[in-house]
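Next comes final.cif, a file with mmCIF, C-alpha atoms.
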data_model
#
loop_
_atom_site.label_atom_id
_atom_site.label_comp_id
_atom_site.auth_asym_id
_atom_site.auth_seq_id
_atom_site.Cartn_x
_atom_site.Cartn_y
_atom_site.Cartn_z
CA MET A 28 -9.51 2.35 26.87
CA SER A 29 -9.44 5.66 28.68
CA ASP A 30 -6.61 6.19 31.13
CA GLY A 31 -4.99 8.97 33.01
CA THR A 32 -1.43 7.79 32.62
CA ALA A 33 -1.50 6.78 29.00
CA THR A 34 2.21 6.08 28.65
CA SER A 35 2.40 3.60 31.52
CA ALA A 36 -0.72 1.80 30.29
CA ARG A 37 0.67 1.17 26.83
CA SER A 38 1.38 -2.29 25.54
CA THR A 39 4.99 -3.34 25.24
CA ILE A 40 4.62 -5.39 22.07
CA SER A 41 7.71 -5.01 19.88
CA LEU A 42 7.42 -2.72 16.88
CA HIS A 43 8.64 -5.53 14.66
CA GLN A 44 5.77 -7.80 15.69
CA LEU A 45 3.35 -4.93 15.33
CA GLY A 46 4.60 -4.14 11.82
CA VAL A 47 4.31 -7.80 10.85
CA PHE A 48 0.69 -7.89 12.00
CA CYS A 49 0.02 -4.74 9.99
CA GLY A 50 1.60 -6.27 6.91
CA PHE A 51 -0.60 -9.34 7.20
CA SER A 52 -3.83 -7.63 8.07
CA ALA A 53 -4.11 -5.37 5.00
CA ALA A 54 -7.44 -3.95 6.08
CA VAL A 55 -8.33 -1.26 8.62
CA TRP A 56 -10.67 1.62 9.11
CA LEU A 57 -10.61 2.30 12.83
CA GLY A 58 -7.94 4.97 12.56
CA THR A 59 -9.74 7.10 10.04
CA ALA A 60 -11.63 8.99 12.70
CA GLU A 61 -8.34 10.46 13.92
CA ALA A 62 -7.29 11.66 10.48
CA PRO A 63 -8.49 15.26 10.37
CA THR A 64 -6.83 16.43 13.59
CA LYS A 65 -3.56 14.60 12.88
CA LEU A 66 -3.49 15.91 9.34
CA PHE A 67 -3.21 19.58 10.10
CA SER A 68 -0.65 19.38 12.89
CA ASP A 69 1.41 17.01 10.73
CA LEU A 70 1.34 19.18 7.63
CA ARG A 71 2.22 22.29 9.59
CA ALA A 72 5.28 20.57 11.06
CA LYS A 73 6.48 18.89 7.83
CA PRO A 74 5.02 20.73 4.83
CA HIS A 75 7.77 19.48 2.51
CA LEU A 76 6.32 15.95 2.70
CA ILE A 77 3.21 17.06 0.77
CA VAL A 78 5.41 16.87 -2.35
CA TRP A 79 6.28 13.23 -1.66
CA ALA A 80 2.75 12.18 -0.72
CA LEU A 81 1.41 13.63 -3.99
CA LEU A 82 4.25 12.00 -5.90
CA ALA A 83 3.42 8.60 -4.39
CA GLY A 84 -0.22 8.95 -5.47
CA MET A 85 0.88 9.87 -9.01
CA LEU A 86 3.20 6.85 -9.19
CA TRP A 87 0.38 4.57 -8.08
CA ALA A 88 -1.97 6.00 -10.71
CA VAL A 89 0.49 5.57 -13.60
CA GLY A 90 1.47 2.08 -12.37
CA ASN A 91 -2.13 0.99 -12.08
CA THR A 92 -2.96 2.24 -15.59
CA LEU A 93 0.05 0.32 -16.92
CA THR A 94 -1.36 -2.89 -15.42
CA VAL A 95 -4.43 -2.50 -17.68
CA PHE A 96 -2.22 -2.54 -20.78
CA ALA A 97 -0.20 -5.43 -19.36
CA VAL A 98 -3.24 -7.64 -18.70
CA ARG A 99 -4.70 -6.76 -22.10
CA ASN A 100 -1.54 -7.76 -23.97
CA VAL A 101 -0.13 -10.75 -22.09
CA GLY A 102 -2.90 -11.83 -19.71
CA LEU A 103 -2.96 -11.95 -15.94
CA ALA A 104 -0.80 -15.09 -15.63
CA ILE A 105 2.26 -13.35 -17.01
CA ALA A 106 1.47 -9.78 -16.01
CA PHE A 107 0.71 -10.33 -12.32
CA PRO A 108 4.02 -11.94 -11.27
CA LEU A 109 5.91 -9.32 -13.26
CA TRP A 110 4.37 -6.37 -11.44
CA ASN A 111 4.52 -8.33 -8.18
CA THR A 112 8.29 -7.74 -8.39
CA ASN A 113 7.46 -4.32 -6.94
CA SER A 114 8.46 -5.74 -3.55
CA LEU A 115 11.96 -6.44 -4.86
CA VAL A 116 12.17 -2.90 -6.25
CA GLY A 117 11.01 -1.56 -2.88
CA LEU A 118 13.56 -3.75 -1.10
CA ALA A 119 16.35 -2.34 -3.28
CA TRP A 120 15.29 1.28 -2.68
CA GLY A 121 14.91 0.63 1.05
CA CYS A 122 18.46 -0.69 1.19
CA LEU A 123 19.99 1.96 -1.09
CA LEU A 124 18.20 5.09 0.09
CA PHE A 125 17.09 4.36 3.67
CA ARG A 126 19.81 2.02 4.91
CA GLU A 127 17.36 -0.84 5.52
CA LEU A 128 19.08 -4.21 6.11
CA ARG A 129 22.47 -2.47 6.43
CA GLY A 130 24.33 -3.73 9.45
CA SER A 131 22.08 -6.77 9.50
CA ARG A 132 23.34 -10.31 9.93
CA THR A 133 23.70 -12.62 6.94
CA LYS A 134 20.86 -14.81 8.20
CA ASP A 135 18.51 -11.77 8.32
CA TRP A 136 19.49 -10.82 4.77
CA ALA A 137 18.76 -14.38 3.72
CA LYS A 138 15.39 -14.40 5.49
CA VAL A 139 14.23 -11.09 3.99
CA VAL A 140 15.62 -11.42 0.45
CA GLY A 141 14.79 -15.14 0.31
CA GLY A 142 11.31 -14.47 1.67
CA ALA A 143 10.66 -11.70 -0.87
CA LEU A 144 11.85 -13.92 -3.73
CA ALA A 145 9.68 -16.79 -2.45
CA ILE A 146 6.61 -14.51 -2.42
CA VAL A 147 7.27 -13.40 -6.02
CA PHE A 148 7.80 -17.04 -7.03
CA GLY A 149 4.63 -18.13 -5.23
CA ALA A 150 2.73 -15.33 -7.00
CA ALA A 151 4.01 -16.57 -10.35
CA VAL A 152 2.91 -20.16 -9.62
CA LEU A 153 -0.55 -19.05 -8.45
CA ALA A 154 -1.04 -16.78 -11.45
CA ILE A 155 -0.07 -19.53 -13.90
CA ALA A 156 -2.31 -22.06 -12.14
CA THR A 157 -5.38 -19.85 -12.00
CA ALA A 158 -5.33 -17.81 -15.21
CA GLU A 159 -7.69 -19.16 -17.85
CA GLN A 160 -6.02 -18.05 -21.01
CA ASN A 161 -3.36 -15.74 -22.26
CA SER A 162 -5.55 -12.96 -23.57
CA GLY A 163 -2.75 -11.23 -25.38
CA ALA A 164 -3.09 -9.92 -28.88
CA PRO A 165 -0.56 -11.50 -31.25
CA GLY A 166 2.71 -9.61 -31.58
CA LYS A 167 2.03 -7.44 -28.57
CA ALA A 168 3.53 -9.65 -25.88
CA ALA A 169 6.70 -7.58 -25.57
CA ILE A 170 4.69 -4.41 -24.98
CA GLY A 171 2.63 -6.18 -22.32
CA ILE A 172 5.73 -7.44 -20.54
CA ILE A 173 7.29 -3.96 -20.61
CA ALA A 174 4.04 -2.48 -19.27
CA ALA A 175 3.93 -5.05 -16.42
CA LEU A 176 7.57 -4.44 -15.50
CA GLY A 177 6.93 -0.70 -15.72
CA ALA A 178 4.02 -1.09 -13.29
CA GLY A 179 6.28 -3.04 -10.91
CA CYS A 180 8.84 -0.21 -11.05
CA MET A 181 6.13 2.41 -10.39
CA PHE A 182 4.67 0.51 -7.42
CA GLY A 183 8.12 -0.31 -6.02
CA THR A 184 9.33 3.29 -6.34
CA MET A 185 6.13 4.54 -4.72
CA TYR A 186 7.50 3.19 -1.45
CA ILE A 187 10.32 5.77 -1.44
CA PRO A 188 7.87 8.53 -0.44
CA TYR A 189 6.22 6.15 2.06
CA ARG A 190 9.45 5.46 3.89
CA LYS A 191 10.67 9.05 3.68
CA ALA A 192 7.46 10.27 5.30
CA TYR A 193 7.70 7.80 8.17
CA ILE A 194 11.33 8.34 9.07
CA SER A 195 10.43 12.05 9.17
CA GLY A 196 7.74 11.35 11.76
CA MET A 197 4.66 11.81 9.57
CA ASN A 198 1.46 10.09 10.57
CA PRO A 199 0.29 7.41 8.09
CA LEU A 200 -3.25 8.79 8.19
CA SER A 201 -2.00 12.21 7.05
CA PHE A 202 0.13 10.65 4.33
CA VAL A 203 -2.75 8.61 2.90
CA THR A 204 -4.98 11.69 2.82
CA ILE A 205 -2.55 13.71 0.68
CA PHE A 206 -1.64 10.59 -1.35
CA THR A 207 -5.31 10.33 -2.36
CA PHE A 208 -5.25 13.78 -3.98
CA GLY A 209 -2.24 12.84 -6.12
CA GLU A 210 -3.81 9.49 -6.98
CA LEU A 211 -7.29 10.73 -7.89
CA GLY A 212 -6.01 13.80 -9.77
CA THR A 213 -3.67 11.70 -11.93
CA VAL A 214 -6.22 8.94 -12.57
CA TYR A 215 -8.78 11.56 -13.59
CA LEU A 216 -6.29 13.23 -15.94
CA LEU A 217 -5.15 9.94 -17.51
CA THR A 218 -8.74 8.73 -17.95
CA ALA A 219 -9.79 12.03 -19.51
CA ILE A 220 -6.87 11.81 -21.97
CA ASN A 221 -7.69 8.17 -22.83
CA SER A 222 -11.42 8.82 -23.16
CA GLY A 223 -10.94 11.79 -25.47
CA GLY A 224 -11.90 14.54 -23.01
CA ILE A 225 -14.00 15.32 -19.97
CA GLY A 226 -17.31 15.10 -21.91
CA PRO A 227 -16.89 11.47 -23.05
CA LEU A 228 -15.54 10.55 -19.61
CA THR A 229 -18.64 11.95 -17.87
CA ALA A 230 -20.87 10.13 -20.37
CA GLN A 231 -19.09 6.84 -19.64
CA LEU A 232 -19.46 7.35 -15.89
CA ARG A 233 -23.18 8.04 -16.34
CA LEU A 234 -23.55 4.82 -18.29
CA ALA A 235 -21.72 2.89 -15.57
CA ARG A 236 -23.86 4.41 -12.79
CA PRO A 237 -25.78 1.19 -11.92
CA MET A 238 -22.55 -0.63 -11.05
CA LEU A 239 -20.42 2.21 -9.63
CA PHE A 240 -21.07 1.08 -6.06
CA TRP A 241 -18.98 -2.07 -6.53
CA PRO A 242 -15.71 -0.40 -7.61
CA PHE A 243 -16.33 2.14 -4.84
CA LEU A 244 -16.60 -0.70 -2.31
CA GLY A 245 -13.43 -2.25 -3.75
CA GLY A 246 -11.64 1.11 -3.44
CA PHE A 247 -12.84 1.42 0.15
CA CYS A 248 -11.37 -2.00 1.03
CA TRP A 249 -8.16 -1.05 -0.79
CA VAL A 250 -7.73 2.14 1.23
CA ILE A 251 -8.30 0.23 4.47
CA GLY A 252 -5.66 -2.30 3.40
CA ASP A 253 -3.35 0.50 2.33
CA LEU A 254 -3.59 2.06 5.80
CA PHE A 255 -2.25 -1.16 7.30
CA GLN A 256 0.43 -1.26 4.63
CA GLN A 257 1.46 2.27 5.62
CA TYR A 258 1.85 1.24 9.25
CA ALA A 259 3.82 -1.82 8.15
CA ALA A 260 6.14 0.41 6.07
CA LYS A 261 6.55 2.66 9.08
CA TYR A 262 7.32 0.06 11.72
CA ILE A 263 9.22 -2.63 9.83
CA GLY A 264 10.38 -0.73 6.75
CA ILE A 265 9.52 -1.22 3.09
CA GLY A 266 11.96 -4.11 2.58
CA ARG A 267 9.97 -6.27 4.99
CA GLY A 268 6.52 -4.66 4.94
CA ILE A 269 5.82 -4.67 1.21
CA PRO A 270 6.48 -8.38 0.50
CA LEU A 271 4.18 -9.23 3.41
CA SER A 272 1.42 -7.05 1.98
CA ASN A 273 1.85 -8.73 -1.38
CA THR A 274 0.46 -11.94 0.11
CA ASN A 275 -2.92 -10.31 -0.62
CA GLN A 276 -2.97 -12.61 -3.64
CA LEU A 277 -3.79 -15.50 -1.28
CA TRP A 278 -6.92 -13.70 -0.08
CA GLY A 279 -7.92 -12.89 -3.66
CA LEU A 280 -7.46 -16.55 -4.49
CA ALA A 281 -9.58 -17.63 -1.50
CA TRP A 282 -12.43 -15.32 -2.59
CA GLY A 283 -12.23 -16.55 -6.17
CA ALA A 284 -12.05 -20.25 -5.31
CA LEU A 285 -14.35 -20.50 -2.28
CA VAL A 286 -16.93 -17.75 -2.76
CA PHE A 287 -17.21 -17.35 -6.53
CA GLY A 288 -16.38 -20.97 -7.47
CA GLU A 289 -13.98 -19.78 -10.16
CA PHE A 290 -11.79 -22.87 -10.21
CA ALA A 291 -14.47 -25.55 -10.00
CA GLY A 292 -13.39 -27.17 -13.27
CA LEU A 293 -9.68 -27.05 -12.51
CA ALA A 294 -7.74 -30.29 -13.06
CA THR A 295 -5.80 -31.98 -10.25
CA GLY A 296 -2.52 -30.58 -11.60
CA GLY A 297 -3.87 -27.02 -11.39
CA ARG A 298 -5.10 -27.60 -7.82
CA LEU A 299 -1.71 -28.95 -6.78
CA LEU A 300 -0.03 -25.92 -8.34
CA ILE A 301 -2.32 -23.63 -6.29
CA LEU A 302 -1.43 -25.49 -3.09
CA ALA A 303 2.29 -25.38 -3.91
CA GLY A 304 2.24 -21.67 -4.82
CA SER A 305 0.32 -20.80 -1.66
CA ALA A 306 2.71 -22.84 0.49
CA VAL A 307 5.77 -21.12 -1.01
CA MET A 308 4.18 -17.72 -0.51
CA ILE A 309 3.29 -18.45 3.13
CA ALA A 310 6.82 -19.77 3.76
CA GLY A 311 8.27 -16.54 2.30
CA ALA A 312 6.01 -14.42 4.49
CA LEU A 313 6.94 -16.41 7.61
CA SER A 314 10.62 -16.07 6.77
CA ILE A 315 10.34 -12.26 6.60
CA SER A 316 8.22 -12.17 9.76
CA MET A 317 11.03 -13.83 11.71
CA ALA A 318 13.72 -11.39 10.51
CA GLU A 319 13.51 -8.76 13.23
CA PRO A 320 16.14 -6.05 12.63
CA PRO A 321 19.07 -6.37 15.08
CA PRO A 322 20.42 -3.31 16.97
CA SER A 323 23.17 -2.87 14.37
CA GLU A 324 20.52 -2.43 11.67
CA MET A 325 18.46 -0.12 13.87
CA GLU A 326 21.50 2.19 14.08
CA ASN A 327 21.32 2.52 10.31
CA TRP A 328 17.60 3.25 10.49
CA ASN A 329 18.40 6.00 12.99
CA ALA A 330 21.09 7.40 10.70
CA ALA A 331 18.51 7.63 7.89
CA MET A 332 16.13 9.41 10.26
CA HIS A 333 18.81 11.90 11.35
CA ARG A 334 19.58 12.64 7.72
CA GLU A 335 15.98 13.84 7.31
CA CYS A 336 16.07 15.83 10.55
CA ASP A 337 19.30 17.59 9.59
CA ARG A 338 18.20 18.31 6.04
CA TYR A 339 14.73 19.62 6.86
CA HIS A 340 15.48 21.08 10.30
CA LEU A 341 13.14 18.74 12.17
CA ASP A 342 13.30 18.21 15.92
CA ALA A 343 15.21 14.93 16.12
CA GLU A 344 13.95 14.02 19.59
CA SER A 345 10.30 14.45 18.67
CA VAL A 346 10.72 12.64 15.32
CA ALA A 347 12.49 9.74 17.09
CA ALA A 348 9.54 9.45 19.49
CA VAL A 349 7.02 9.36 16.62
CA VAL A 350 9.11 6.82 14.68
CA ALA A 351 9.12 4.61 17.80
CA GLY A 352 5.33 4.82 18.00
CA ASP A 353 5.26 7.29 20.90
CA ASP A 354 3.92 10.46 19.32
CA PRO A 355 3.90 13.10 22.10
CA LEU A 356 0.70 14.57 20.61
CA ALA A 357 -1.09 11.23 20.43
CA ASP A 358 -2.38 11.36 23.99
CA THR A 359 -3.58 14.94 23.73
CA LYS A 360 -7.34 15.21 23.50
CA HIS A 361 -8.55 17.21 20.50
CA PRO A 362 -12.03 18.70 20.46
CA ARG A 363 -14.12 17.44 17.58
CA ARG A 364 -14.89 20.09 14.98
CA TRP A 365 -18.09 20.56 12.98
CA TRP A 366 -16.40 19.96 9.64
CA GLU A 367 -15.16 16.54 10.76
CA VAL A 368 -18.79 15.46 11.17
CA LEU A 369 -19.51 17.02 7.77
CA ILE A 370 -16.76 14.95 6.11
CA ILE A 371 -18.08 11.73 7.68
CA CYS A 372 -21.66 12.56 6.62
CA ALA A 373 -20.58 13.42 3.05
CA ALA A 374 -18.56 10.18 2.71
CA THR A 375 -21.40 8.08 4.12
CA GLY A 376 -23.90 9.95 1.94
CA ILE A 377 -21.96 9.14 -1.25
CA PHE A 378 -21.95 5.45 -0.33
CA ILE A 379 -25.68 5.43 0.41
CA TRP A 380 -26.42 7.30 -2.85
CA LEU A 381 -24.35 4.82 -4.86
CA GLY A 382 -25.82 1.87 -3.00
CA VAL A 383 -29.43 2.97 -3.60
CA GLY A 384 -28.98 3.23 -7.37
CA THR A 385 -27.09 -0.03 -7.70
CA ARG A 386 -28.22 -2.97 -9.76
CA ALA A 387 -27.49 -6.38 -8.22
CA GLN A 388 -24.89 -8.36 -10.12
CA HIS A 389 -26.15 -11.84 -10.96
CA ILE A 390 -23.15 -13.99 -10.12
CA TYR A 391 -22.87 -17.23 -8.20
CA VAL A 392 -21.88 -16.73 -4.55
CA ASN A 393 -21.26 -19.39 -1.93
CA MET A 394 -22.87 -17.73 1.07
CA PRO A 395 -21.33 -19.82 3.93
CA TRP A 396 -17.82 -19.28 2.56
CA MET A 397 -18.53 -15.58 2.03
CA ILE A 398 -19.52 -15.25 5.69
CA VAL A 399 -16.36 -17.12 6.76
CA LEU A 400 -14.13 -14.83 4.68
CA ILE A 401 -15.87 -11.64 5.78
CA VAL A 402 -15.40 -12.70 9.40
CA GLY A 403 -11.79 -13.61 8.55
CA THR A 404 -11.30 -10.10 7.19
CA ILE A 405 -12.95 -8.33 10.09
CA ILE A 406 -10.98 -10.22 12.78
CA PRO A 407 -7.53 -8.89 11.73
CA LEU A 408 -9.08 -5.48 11.27
CA GLY A 409 -10.31 -5.36 14.86
CA TRP A 410 -7.31 -7.17 16.28
CA CYS A 411 -4.57 -5.25 14.51
CA GLY A 412 -6.46 -1.96 14.85
CA THR A 413 -6.70 -2.53 18.61
CA LEU A 414 -2.99 -3.42 18.82
CA LEU A 415 -2.08 -0.29 16.90
CA TRP A 416 -4.25 1.87 19.14
CA ARG A 417 -2.90 0.37 22.37
CA ARG A 418 0.74 0.51 21.33
CA THR A 419 0.94 3.67 19.21
CA ARG A 420 -2.39 5.52 19.48
CA PHE A 421 -2.35 5.32 15.66
CA SER A 422 0.77 7.46 15.51
CA MET B 7 24.69 28.88 5.53
CA LYS B 8 21.17 27.58 6.09
CA ARG B 9 19.52 26.54 2.81
CA SER B 10 15.90 27.28 2.03
CA LYS B 11 13.38 24.47 2.30
CA TRP B 12 12.81 24.45 -1.46
CA ALA B 13 16.56 24.20 -2.11
CA CYS B 14 16.65 21.19 0.23
CA ILE B 15 13.72 19.59 -1.58
CA LEU B 16 15.05 20.20 -5.08
CA THR B 17 18.50 18.81 -4.30
CA ASP B 18 17.18 15.70 -2.55
CA VAL B 19 17.94 12.40 -4.28
CA HIS B 20 14.76 11.03 -2.66
CA LEU B 21 12.83 13.42 -4.90
CA TRP B 22 14.65 12.83 -8.16
CA VAL B 23 14.56 9.05 -8.12
CA PRO B 24 10.73 8.89 -8.02
CA VAL B 25 10.39 11.86 -10.39
CA VAL B 26 12.59 10.19 -13.04
CA VAL B 27 10.75 6.86 -12.63
CA LEU B 28 7.39 8.65 -12.90
CA ALA B 29 8.51 10.48 -16.06
CA LEU B 30 9.67 7.21 -17.64
CA GLY B 31 6.45 5.44 -16.65
CA THR B 32 4.28 8.24 -18.02
CA THR B 33 6.24 8.24 -21.30
CA LEU B 34 5.75 4.47 -21.57
CA LEU B 35 2.05 4.85 -20.90
CA MET B 36 1.65 7.51 -23.56
CA MET B 37 3.49 5.30 -26.06
CA LEU B 38 1.15 2.36 -25.33
CA ARG B 39 -2.06 4.33 -25.91
#

What does this structure look like when you write it as structure tokens?
Amino acid sequence: MSDGTATSARSTISLHQLGVFCGFSAAVWLGTAEAPTKLFSDLRAKPHLIVWALLAGMLWAVGNTLTVFAVRNVGLAIAFPLWNTNSLVGLAWGCLLFRELRGSRTKDWAKVVGGALAIVFGAAVLAIATAEQNSGAPGKAAIGIIAALGAGCMFGTMYIPYRKAYISGMNPLSFVTIFTFGELGTVYLLTAINSGGIGPLTAQLRLARPMLFWPFLGGFCWVIGDLFQQYAAKYIGIGRGIPLSNTNQLWGLAWGALVFGEFAGLATGGRLLILAGSAVMIAGALSISMAEPPPSEMENWNAAMHRECDRYHLDAESVAAVVAGDDPLADTKHPRRWWEVLIICAATGIFIWLGVGTRAQHIYVNMPWMIVLIVGTIIPLGWCGTLLWRRTRFS
Amino acid sequence: MKRSKWACILTDVHLWVPVVVLALGTTLLMMLR
């Protein structure tokens, strides 16, 4: 991969295609090694974006806590499709605040809006087909529905900071790093309030110690997926990128059905509903994938970028290069620093420590299908990560 | 006249939309507890 003339050796894949691949892949970790060096140069150049990255993390934390109340009161079947409308909220903000889809042809509007609606509809069908029971407490359905819609609003609005950061030329790896502080700080605060203080919270965590590795592993996969989502939001915008990422429900379904045998007793009607919901969702995703923004829409994207440059006195030429995936700093070699190794060792150490003290969960697993799905997860990771590196150097 | 960075941030609609949504969401969450 090393080359002397990095620019000439770069792939010429279109940014639209690249963004689509990122939206589908929803899992990556290759770029993380570049994070520390990017982070500091990015934050020095655009310190105002720290506010938005923290804000995005806080929105995620509140939204995610709302989903707990929603599932408790109305069950997953109703709650999930309601908060899955986050893609429609994101689409609206993208259009209103960042000029996405403006100047686009009617057929592109139809592909994107129709695709997003199809994905929400597919999610609703899948949730209804797979949920066991409405677990809601009587009389609390309205509260659950409000909580689920609230979560959708939080998640959809969270994409405002995403898009703002990327049209200002911020690197997704830097954004995710700051986002994490807002996210963890807010979750910690909310959990402490709900648990009755830091003491009870610590006691609960100590009790949960034998199984803490599993949520940690889930969080690790989520962050990897979120990195791809960030690149999708950067290269194809939130109106197109977020609905594509929301097809993650199909993967969740595949794990549940094939690996954990969750739907073994499902009647034929339920199975048909699952097939129909999946087909609608895939059709919606394909529709969005084929809606590459025309030059007239790209002019509007550029206008949104220039608004940020004028307002925050950013160098428009350099920001335009980063937005197009050609970060001038990306090809510069940075010497590795001792604290980067320290961060990697600390992160790995935490995982090993959690893994050593973990108790195995006794649940049925279909090993051949698990291997197939793990391979199916690693392939897009390697493939899309390689594409991103070759085309953008993770910029 | 060139405005300070903080003035630019505090008068940015991109800030106030998420802040208002976050405030509403947090209020809802506190009501549901």

At most 9 Å is the cut-off: for each residue in chain B with any atom that close to an atom of chain A, write down the nearest atom pair and the distance in Å rounded to one decimal, counting only C-alpha atoms, chain first then increasing number, as JSON lines.
{"residue": "B:Arg9", "atom": "CA", "partner": "A:Arg338", "partner_atom": "CA", "distance": 8.9}
{"residue": "B:Lys11", "atom": "CA", "partner": "A:Tyr339", "partner_atom": "CA", "distance": 6.8}
{"residue": "B:Trp12", "atom": "CA", "partner": "A:His75", "partner_atom": "CA", "distance": 8.1}
{"residue": "B:Cys14", "atom": "CA", "partner": "A:Arg338", "partner_atom": "CA", "distance": 6.7}
{"residue": "B:Ile15", "atom": "CA", "partner": "A:His75", "partner_atom": "CA", "distance": 7.2}
{"residue": "B:Val19", "atom": "CA", "partner": "A:Leu124", "partner_atom": "CA", "distance": 8.5}
{"residue": "B:His20", "atom": "CA", "partner": "A:Ile187", "partner_atom": "CA", "distance": 7.0}
{"residue": "B:Leu21", "atom": "CA", "partner": "A:Trp79", "partner_atom": "CA", "distance": 7.3}
{"residue": "B:Val23", "atom": "CA", "partner": "A:Thr184", "partner_atom": "CA", "distance": 8.0}
{"residue": "B:Pro24", "atom": "CA", "partner": "A:Thr184", "partner_atom": "CA", "distance": 6.0}
{"residue": "B:Val25", "atom": "CA", "partner": "A:Leu82", "partner_atom": "CA", "distance": 7.6}
{"residue": "B:Val27", "atom": "CA", "partner": "A:Met181", "partner_atom": "CA", "distance": 6.8}
{"residue": "B:Leu28", "atom": "CA", "partner": "A:Leu86", "partner_atom": "CA", "distance": 5.9}
{"residue": "B:Leu30", "atom": "CA", "partner": "A:Gly177", "partner_atom": "CA", "distance": 8.6}
{"residue": "B:Gly31", "atom": "CA", "partner": "A:Gly177", "partner_atom": "CA", "distance": 6.2}
{"residue": "B:Thr32", "atom": "CA", "partner": "A:Val89", "partner_atom": "CA", "distance": 6.4}
{"residue": "B:Leu34", "atom": "CA", "partner": "A:Ala174", "partner_atom": "CA", "distance": 7.5}
{"residue": "B:Leu35", "atom": "CA", "partner": "A:Leu93", "partner_atom": "CA", "distance": 6.4}
{"residue": "B:Leu38", "atom": "CA", "partner": "A:Phe96", "partner_atom": "CA", "distance": 7.5}
{"residue": "B:Arg39", "atom": "CA", "partner": "A:Asn221", "partner_atom": "CA", "distance": 7.5}

*If we count all atoms listed in the file, what is near segment 262-279 of chain A at a cut-off of 8 Å, once residues fewer than 2 positions away on the same chain are taken out, given as a VMD selection string?*
chain A and resid 42 to 43 45 to 47 50 to 51 53 111 114 to 115 117 to 119 121 to 122 127 to 128 139 142 to 143 146 150 186 190 256 258 to 260 281 to 283 305 308 to 309 312 315 to 316 350 to 351

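Residues selected in this file by the PyMOL selection byres ((chain A and resi 130) around 8) comprise A:Leu128, A:Arg129, A:Ser131, A:Arg132, A:Ser323, A:Glu324, A:Asn327.
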
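Counting from atom CA of His333 of chain A, the distance to atom CA of Asp18 of chain B is 14.5 Å.
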
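Going from atom CA of Ser10 of chain B over to atom CA of Asp69 of chain A, you cover 19.8 Å.
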
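Going from atom CA of Leu232 of chain A over to atom CA of Leu381 of chain A, you cover 12.3 Å.
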
Practice item. Excluding Gly209 of chain A and any residue of its chain fewer than 3 positions from it, enumerate the residues within 7 Å of it, using all atoms listed in the file, and give them as number ranges by chain. Key: A: 81-82, 84-85, 205-206, 212-213

Serialized segment 243-256 of chain A w/ C-alpha atoms as an mmCIF file, in the first residue's frame:
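And here is the file that came out, result_37.cif:
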data_model
loop_
_atom_site.group_PDB
_atom_site.id
_atom_site.type_symbol
_atom_site.label_atom_id
_atom_site.label_comp_id
_atom_site.auth_asym_id
_atom_site.auth_seq_id
_atom_site.Cartn_x
_atom_site.Cartn_y
_atom_site.Cartn_z
ATOM 1 C CA PHE A 243 -18.595 -4.401 26.212
ATOM 2 C CA LEU A 244 -18.262 -6.595 23.115
ATOM 3 C CA GLY A 245 -21.621 -5.309 21.869
ATOM 4 C CA GLY A 246 -20.470 -1.715 22.428
ATOM 5 C CA PHE A 247 -17.244 -2.454 20.551
ATOM 6 C CA CYS A 248 -19.202 -3.744 17.526
ATOM 7 C CA TRP A 249 -21.507 -0.715 17.770
ATOM 8 C CA VAL A 250 -18.594 1.736 17.663
ATOM 9 C CA ILE A 251 -17.126 -0.060 14.651
ATOM 10 C CA GLY A 252 -20.510 0.159 12.910
ATOM 11 C CA ASP A 253 -20.853 3.785 13.938
ATOM 12 C CA LEU A 254 -17.511 4.597 12.303
ATOM 13 C CA PHE A 255 -18.872 3.332 8.993
ATOM 14 C CA GLN A 256 -22.056 5.285 9.589
#
